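The data block below is work_39.txt; it holds compact mmCIF, C-alpha atoms and all ligand atoms.
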```txt
# COMPACT_ATOMS: atom_id res chain seq x y z
CA MET A 1 16.79 12.06 16.46
CA GLU A 2 20.52 11.85 17.17
CA GLN A 3 23.09 14.09 15.36
CA THR A 4 26.49 12.74 14.36
CA CYS A 5 29.55 14.82 13.52
CA ASN A 6 32.14 13.59 11.01
CA TYR A 7 29.58 11.39 9.33
CA GLN A 8 30.24 11.15 5.59
CA THR A 9 27.40 10.79 3.10
CA GLU A 10 29.22 10.92 -0.26
CA HIS A 11 28.72 7.17 -0.76
CA LEU A 12 24.93 7.54 -0.81
CA ARG A 13 23.75 7.45 -4.42
CA GLN A 14 20.23 6.05 -4.13
CA LEU A 15 17.34 5.83 -1.71
CA VAL A 16 15.70 2.41 -1.35
CA LEU A 17 12.09 2.54 -0.19
CA ALA A 18 11.54 -0.75 1.63
CA SER A 19 7.82 -0.90 1.00
CA SER A 20 5.12 -2.58 -1.05
CA SER A 21 2.66 0.20 -0.26
CA PRO A 22 1.50 2.18 -3.32
CA ARG A 23 0.73 5.14 -0.99
CA ARG A 24 4.27 5.29 0.34
CA ARG A 25 5.64 5.02 -3.20
CA GLU A 26 3.50 7.96 -4.41
CA LEU A 27 4.34 10.07 -1.38
CA VAL A 28 8.09 9.58 -1.80
CA ALA A 29 7.77 10.33 -5.53
CA SER A 30 5.94 13.57 -4.70
CA LEU A 31 8.96 14.86 -2.79
CA GLY A 32 11.32 15.31 -5.74
CA LEU A 33 14.38 13.90 -3.99
CA SER A 34 17.95 14.72 -4.96
CA LEU A 35 18.67 10.96 -5.35
CA PRO A 36 17.08 8.23 -7.51
CA VAL A 37 14.57 6.05 -5.65
CA LEU A 38 14.44 2.25 -5.89
CA ILE A 39 11.37 0.44 -4.58
CA LEU A 40 12.04 -2.96 -3.03
CA SER A 41 10.22 -4.87 -0.34
CA SER A 42 10.75 -8.05 1.60
CA ASP A 43 8.47 -10.29 3.61
CA THR A 44 8.99 -9.12 7.16
CA ASP A 45 7.62 -10.81 10.25
CA GLU A 46 5.43 -8.15 11.91
CA TRP A 47 5.04 -9.90 15.27
CA THR A 48 5.91 -7.70 18.24
CA PRO A 49 6.10 -8.41 21.99
CA PRO A 50 2.86 -7.45 23.79
CA GLU A 51 4.66 -5.08 26.17
CA TRP A 52 5.92 -2.81 23.36
CA THR A 53 4.44 0.69 23.20
CA PRO A 54 2.87 1.94 19.92
CA SER A 55 5.91 4.13 19.19
CA GLN A 56 8.27 1.19 19.78
CA ILE A 57 6.18 -1.03 17.51
CA VAL A 58 6.17 1.35 14.53
CA GLU A 59 9.82 2.38 14.89
CA GLN A 60 11.10 -1.18 15.32
CA LEU A 61 8.94 -2.57 12.50
CA GLY A 62 10.14 0.24 10.21
CA LEU A 63 13.70 -0.75 11.14
CA ARG A 64 12.99 -4.44 10.64
CA LYS A 65 11.58 -3.75 7.14
CA ALA A 66 14.58 -1.60 6.19
CA LYS A 67 17.10 -4.18 7.44
CA ALA A 68 15.30 -7.12 5.78
CA THR A 69 15.28 -5.22 2.47
CA ALA A 70 18.99 -4.41 2.84
CA GLN A 71 19.66 -8.16 2.73
CA LEU A 72 18.14 -8.31 -0.77
CA LEU A 73 20.62 -5.80 -2.21
CA SER A 74 23.93 -6.69 -3.86
CA ALA A 75 27.01 -5.68 -1.84
CA GLU A 76 27.61 -2.78 -4.24
CA ASP A 77 24.02 -1.50 -4.05
CA LYS A 78 23.95 -1.90 -0.30
CA ALA A 79 27.08 0.22 0.05
CA GLY A 80 25.51 3.11 -1.88
CA SER A 81 21.98 3.05 -0.49
CA LEU A 82 20.00 4.73 2.22
CA ILE A 83 17.17 2.32 3.02
CA VAL A 84 13.88 3.68 4.36
CA GLY A 85 11.24 1.51 6.06
CA ALA A 86 7.97 2.59 7.64
CA ASP A 87 5.12 1.11 9.64
CA THR A 88 1.65 2.42 10.52
CA ILE A 89 -0.76 1.29 13.23
CA VAL A 90 -4.08 2.53 14.58
CA VAL A 91 -4.51 2.61 18.36
CA LEU A 92 -7.89 2.72 20.11
CA ASP A 93 -7.95 2.88 23.91
CA GLY A 94 -4.37 1.60 23.96
CA GLU A 95 -5.21 -1.40 21.77
CA VAL A 96 -3.51 -1.82 18.40
CA LEU A 97 -5.81 -2.32 15.43
CA GLY A 98 -3.89 -3.70 12.47
CA LYS A 99 -5.12 -4.57 8.99
CA PRO A 100 -8.42 -6.48 8.89
CA HIS A 101 -8.29 -10.24 8.25
CA ASP A 102 -11.68 -10.30 6.52
CA ARG A 103 -14.94 -8.40 5.97
CA ALA A 104 -16.30 -9.13 9.47
CA ASP A 105 -13.06 -7.94 11.03
CA ALA A 106 -13.18 -4.65 9.07
CA ILE A 107 -16.81 -4.06 10.06
CA ALA A 108 -15.97 -4.77 13.71
CA ALA A 109 -12.99 -2.35 13.65
CA LEU A 110 -14.99 0.49 12.08
CA THR A 111 -17.90 -0.13 14.46
CA ARG A 112 -15.48 0.38 17.34
CA LEU A 113 -13.80 3.42 15.80
CA GLN A 114 -16.98 5.31 14.81
CA GLY A 115 -17.88 8.27 17.01
CA ARG A 116 -14.55 8.01 18.83
CA ARG A 117 -11.05 9.47 18.91
CA HIS A 118 -8.10 7.23 18.11
CA GLN A 119 -4.39 7.61 17.40
CA VAL A 120 -2.44 6.76 14.26
CA PHE A 121 1.28 6.08 14.71
CA THR A 122 3.77 5.87 11.86
CA GLY A 123 7.42 5.02 12.42
CA ILE A 124 10.20 5.68 9.93
CA ALA A 125 13.63 4.05 9.91
CA CYS A 126 16.54 5.25 7.76
CA VAL A 127 19.42 2.80 7.51
CA ASP A 128 22.80 3.45 5.93
CA PRO A 129 24.55 0.04 6.04
CA HIS A 130 27.87 1.36 4.68
CA GLY A 131 28.10 4.37 6.99
CA GLY A 132 26.82 2.27 9.90
CA ARG A 133 24.13 4.76 10.80
CA GLU A 134 20.46 4.18 11.67
CA LEU A 135 17.82 6.75 12.55
CA VAL A 136 14.32 5.95 13.81
CA ALA A 137 11.50 8.32 14.69
CA HIS A 138 7.71 8.41 14.69
CA ARG A 139 4.73 10.74 14.54
CA MET A 140 1.30 10.42 16.13
CA THR A 141 -1.89 11.91 14.72
CA GLU A 142 -5.22 12.07 16.55
CA VAL A 143 -8.22 11.14 14.39
CA VAL A 144 -11.86 11.69 15.39
CA MET A 145 -14.38 9.64 13.41
CA LYS A 146 -17.97 10.67 12.83
CA ARG A 147 -20.80 8.55 14.19
CA LEU A 148 -21.50 6.11 11.39
CA ASP A 149 -24.62 4.30 10.31
CA PRO A 150 -24.02 0.49 10.27
CA ALA A 151 -25.27 0.37 6.66
CA LEU A 152 -22.64 2.95 5.64
CA ILE A 153 -19.92 0.91 7.36
CA GLU A 154 -21.00 -2.18 5.42
CA ARG A 155 -21.07 -0.31 2.11
CA TYR A 156 -17.64 1.15 2.80
CA VAL A 157 -16.17 -2.26 3.66
CA ASP A 158 -17.76 -3.74 0.51
CA SER A 159 -15.91 -1.11 -1.57
CA GLY A 160 -12.77 -3.12 -0.71
CA GLU A 161 -10.83 -0.04 0.37
CA PRO A 162 -10.25 -1.07 4.02
CA MET A 163 -8.69 -4.45 3.40
CA ASP A 164 -5.00 -3.49 3.14
CA LYS A 165 -5.12 -0.65 5.64
CA ALA A 166 -4.40 -0.35 9.35
CA GLY A 167 -7.64 0.41 11.23
CA SER A 168 -9.69 -0.67 8.18
CA TYR A 169 -9.94 2.76 6.57
CA GLY A 170 -8.04 5.01 4.19
CA ILE A 171 -8.33 8.71 4.93
CA GLN A 172 -6.94 9.51 1.47
CA GLY A 173 -9.80 7.67 -0.29
CA ARG A 174 -13.50 7.20 0.33
CA GLY A 175 -12.58 6.83 3.99
CA ALA A 176 -12.26 10.63 4.07
CA ILE A 177 -16.04 10.83 4.56
CA LEU A 178 -15.80 8.79 7.77
CA VAL A 179 -13.49 11.29 9.46
CA ASP A 180 -14.70 14.34 11.38
CA ARG A 181 -11.30 15.91 12.11
CA ILE A 182 -7.63 15.22 12.73
CA GLU A 183 -4.93 16.81 14.87
CA GLY A 184 -1.40 16.40 13.55
CA CYS A 185 0.20 15.35 10.30
CA TYR A 186 -2.24 14.13 7.61
CA PHE A 187 0.48 12.21 5.74
CA ASN A 188 1.24 10.34 8.95
CA VAL A 189 -2.26 8.81 8.73
CA VAL A 190 -1.73 7.89 5.07
CA GLY A 191 1.44 6.00 6.07
CA LEU A 192 4.42 8.32 5.58
CA PRO A 193 4.80 11.63 7.46
CA LEU A 194 6.60 13.67 4.81
CA SER A 195 7.69 16.46 7.10
CA LEU A 196 9.38 14.00 9.48
CA LEU A 197 10.89 12.08 6.55
CA SER A 198 12.42 15.25 5.09
CA ASP A 199 13.97 16.11 8.48
CA MET A 200 15.43 12.60 8.73
CA LEU A 201 16.76 12.68 5.16
CA ALA A 202 18.43 16.02 5.89
CA GLN A 203 20.52 14.17 8.50
CA PHE A 204 21.91 12.16 5.58
CA ARG A 205 22.34 15.35 3.50
CA ILE A 206 19.58 14.25 1.13
CA THR A 207 17.55 17.25 0.10
CA VAL A 208 13.93 17.51 -0.83
CA ILE A 209 12.58 19.71 -3.70
C1 LIG A 301 -5.15 4.67 8.75
C2 LIG A 301 -4.65 4.50 7.34
C3 LIG A 301 -3.74 3.51 6.99
N1 LIG A 301 -3.31 3.36 5.71
C4 LIG A 301 -2.35 2.33 5.31
C5 LIG A 301 -0.89 2.80 5.34
C6 LIG A 301 -0.13 1.50 5.29
O1 LIG A 301 0.09 1.17 3.91
C7 LIG A 301 -1.10 0.50 5.92
C8 LIG A 301 -0.54 -0.03 7.21
O2 LIG A 301 0.24 -1.15 6.95
P1 LIG A 301 1.82 -1.22 7.04
O3 LIG A 301 2.17 -2.57 7.56
O4 LIG A 301 2.35 -0.02 7.78
O5 LIG A 301 2.30 -1.05 5.53
P2 LIG A 301 2.03 -1.94 4.24
O6 LIG A 301 1.96 -3.41 4.59
O7 LIG A 301 0.86 -1.38 3.50
O8 LIG A 301 3.30 -1.64 3.35
P3 LIG A 301 4.87 -1.98 3.66
O9 LIG A 301 4.98 -2.69 4.98
O10 LIG A 301 5.31 -2.85 2.51
O11 LIG A 301 5.53 -0.63 3.64
O12 LIG A 301 -2.32 1.21 6.16
C9 LIG A 301 -3.78 4.21 4.71
O13 LIG A 301 -3.40 4.08 3.53
N2 LIG A 301 -4.67 5.20 5.03
C10 LIG A 301 -5.14 5.39 6.30
O14 LIG A 301 -5.96 6.33 6.53
```

If you convert what's in this file into C-alpha cells, what do you get?
Amino acid sequence: MEQTCNYQTEHLRQLVLASSSPRRRELVASLGLSLPVLILSSDTDEWTPPEWTPSQIVEQLGLRKAKATAQLLSAEDKAGSLIVGADTIVVLDGEVLGKPHDRADAIAALTRLQGRRHQVFTGIACVDPHGGRELVAHRMTEVVMKRLDPALIERYVDSGEPMDKAGSYGIQGRGAILVDRIEGCYFNVVGLPLSLLSDMLAQFRITVI
C-alpha cells in the first residue's frame, strides 16, 4: 500500500460501498465508521485475461467495481466520496472457481473442494475521484475442507446457500460445517477483510470505531 504526503482528505464526507453483497454491507455496518455509508452498485463486466494472477484478478475487479459505481454518482457526490469495491474468488490448484451457474456446477465445485486445501482471495479498492488517489490491496486465506459425503453436498446445494457465492459455499452460514480449518483472516473468506479495510481507510484518515 503506497503512502502519500500532502494528500488532503477534508473533502471526503461519505463512503460509498460499491457492492450488491448483503455480507459486505453488514460487515461495513459492523465497523462503526466515522463517515456515513451509501450503498450503490453497478453492473460490472467481471471478465479477466487468463494470464492474470488471483491477486491481480481480485484487486483489478475491486477497482473496476469502484470506478463503475463512481460513474453513477452526481458530480457533487463524486467529489465528496471515497468509493470502496471488493472482489472474492476461490482458487483450487491454481484454478479460479467463481460462483456456480447452476445446481450441477455447485455440486461439481464442492466435490472438487472436499477433503482439500484451497485459497480464498479478496481484493479491496478504495478510490477517491476528487483527490485523484486509488489504493488496492488483497488478502489470501487458506481453507481446508472436510471430506464430505456426496449426499451432504447435495443437501447443502439444495439449501440454496451456495448459489451466489464464490466456490459454492458460505463459511458464515451452513457452509461452516463443511470447513475443517482456516489459516488467515476469516472475514476475507466472507468477502471483506475488515482488518485490511481499516488499514486502507486509515490512509484516507477515515477511522473505525
Ligand atoms: C467463499 C465465500 C464467498 N462468499 C461470497 C462473498 C462474495 O459476496 C461472493 C463472491 O462474489 P463477488 O463477485 O466478489 O461479490 P458479489 O457479486 O456477491 O457482490 P458485489 O460484486 O456486488 O460486491 O462470494 C461468501 O459469502 N462466503 C464464503 O465463504

**Q.** Test item: residues no farther than 9 Å from ligand LIG 301 (chain A), counting all atoms listed in the file, as a PyMOL selection string
**A.** chain A and resi 17-25+40-44+46+58+61-62+65+85-90+98-99+120-123+162-173+175-176+186-192

Q: Tell me which of A:Lys78, A:Thr48, A:His130, A:Leu148 sits closest to A:Arg112, counting only C-alpha atoms.
A: A:Leu148

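Taking atom CA of A:Arg147 and atom CA of A:Gln114 as the two end points, the separation is 5.0 Å.
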
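Here atom CA of A:Val144 stands at a distance of 19.6 Å from atom CA of A:Pro100.
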
Q. A:Cys126: which residues within 7 Å, counting only C-alpha atoms, same-chain residues fewer than 6 positions away excluded, as a VMD selection string?
A. chain A and resid 82 to 85 134 to 136

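Considering the residues A:Gln119, A:Ser74, A:Asn6, A:Thr111 and counting all atoms listed in the file, A:Ile153 has its shortest atom-to-atom contact with A:Thr111.
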
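The spacing separating atom CA of A:Ser195 from atom CA of A:Leu31 amounts to 10.1 Å.
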
Q) Which polymer residues have any atom within 8 Å of an atom of A:Leu12, counting only C-alpha atoms, with same-chain residues fewer than 5 positions away left out, as a list in words? A) Ala79, Gly80, Ser81 and Leu82 of chain A

Q.
Give me the residues near A:Gln14 as a list of chain:residue names, where near means some atom within 6 Å (using only C-alpha atoms) and where sequence neighbours in that chain fewer than 6 positions away do not count.
A. A:Leu35, A:Pro36, A:Val37, A:Ser81

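Ranking A:Ala137, A:Val143, A:Pro54, A:Asp158 by their shortest atom-to-atom distance to A:Leu97, with only C-alpha atoms included, puts A:Pro54 first.
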
(Q) Given only C-alpha atoms as the basis, pick out the residue of A:Leu33, A:Leu15, A:Leu38, A:Ala106 nearest to A:Ser159. (A) A:Ala106

Where atoms are missing, can you supply N, CA and C atoms for stretch 127-148 of chain A and output the lot as a CSV table (one decimal), keeping the file's coordinate frame?
```
chain,number,residue,atom,x,y,z
A,127,VAL,N,18.2,3.6,7.2
A,127,VAL,CA,19.4,2.8,7.5
A,127,VAL,C,20.5,3.0,6.4
A,128,ASP,N,21.7,3.3,6.8
A,128,ASP,CA,22.8,3.4,5.9
A,128,ASP,C,23.8,2.3,6.3
A,129,PRO,N,23.7,1.2,5.6
A,129,PRO,CA,24.6,0.0,6.0
A,129,PRO,C,26.0,0.3,5.9
A,130,HIS,N,26.4,1.1,4.9
A,130,HIS,CA,27.9,1.4,4.7
A,130,HIS,C,28.4,2.3,5.7
A,131,GLY,N,27.7,3.4,6.0
A,131,GLY,CA,28.1,4.4,7.0
A,131,GLY,C,27.8,3.9,8.4
A,132,GLY,N,27.1,2.8,8.6
A,132,GLY,CA,26.8,2.3,9.9
A,132,GLY,C,25.9,3.2,10.7
A,133,ARG,N,25.0,3.8,10.1
A,133,ARG,CA,24.1,4.8,10.8
A,133,ARG,C,22.7,4.4,10.6
A,134,GLU,N,21.9,4.4,11.7
A,134,GLU,CA,20.5,4.2,11.7
A,134,GLU,C,19.7,5.3,12.4
A,135,LEU,N,18.7,5.8,11.8
A,135,LEU,CA,17.8,6.8,12.6
A,135,LEU,C,16.4,6.2,12.6
A,136,VAL,N,15.7,6.3,13.7
A,136,VAL,CA,14.3,6.0,13.8
A,136,VAL,C,13.6,7.1,14.5
A,137,ALA,N,12.4,7.3,14.1
A,137,ALA,CA,11.5,8.3,14.7
A,137,ALA,C,10.1,8.0,14.3
A,138,HIS,N,9.1,8.7,15.0
A,138,HIS,CA,7.7,8.4,14.7
A,138,HIS,C,6.9,9.7,14.9
A,139,ARG,N,5.7,9.7,14.3
A,139,ARG,CA,4.7,10.7,14.5
A,139,ARG,C,3.4,10.1,15.0
A,140,MET,N,2.6,10.9,15.7
A,140,MET,CA,1.3,10.4,16.1
A,140,MET,C,0.3,11.5,15.7
A,141,THR,N,-0.8,11.0,15.1
A,141,THR,CA,-1.9,11.9,14.7
A,141,THR,C,-3.2,11.4,15.4
A,142,GLU,N,-3.9,12.4,15.9
A,142,GLU,CA,-5.2,12.1,16.6
A,142,GLU,C,-6.3,12.2,15.4
A,143,VAL,N,-7.1,11.2,15.4
A,143,VAL,CA,-8.2,11.1,14.4
A,143,VAL,C,-9.6,11.0,15.1
A,144,VAL,N,-10.5,11.8,14.8
A,144,VAL,CA,-11.9,11.7,15.4
A,144,VAL,C,-12.8,11.3,14.3
A,145,MET,N,-13.4,10.1,14.4
A,145,MET,CA,-14.4,9.6,13.4
A,145,MET,C,-15.8,10.1,13.7
A,146,LYS,N,-16.6,10.3,12.7
A,146,LYS,CA,-18.0,10.7,12.8
A,146,LYS,C,-18.7,9.5,13.4
A,147,ARG,N,-19.9,9.7,13.9
A,147,ARG,CA,-20.8,8.6,14.2
A,147,ARG,C,-21.3,8.0,12.9
A,148,LEU,N,-21.2,6.7,12.7
A,148,LEU,CA,-21.5,6.1,11.4
A,148,LEU,C,-22.7,5.1,11.4
```
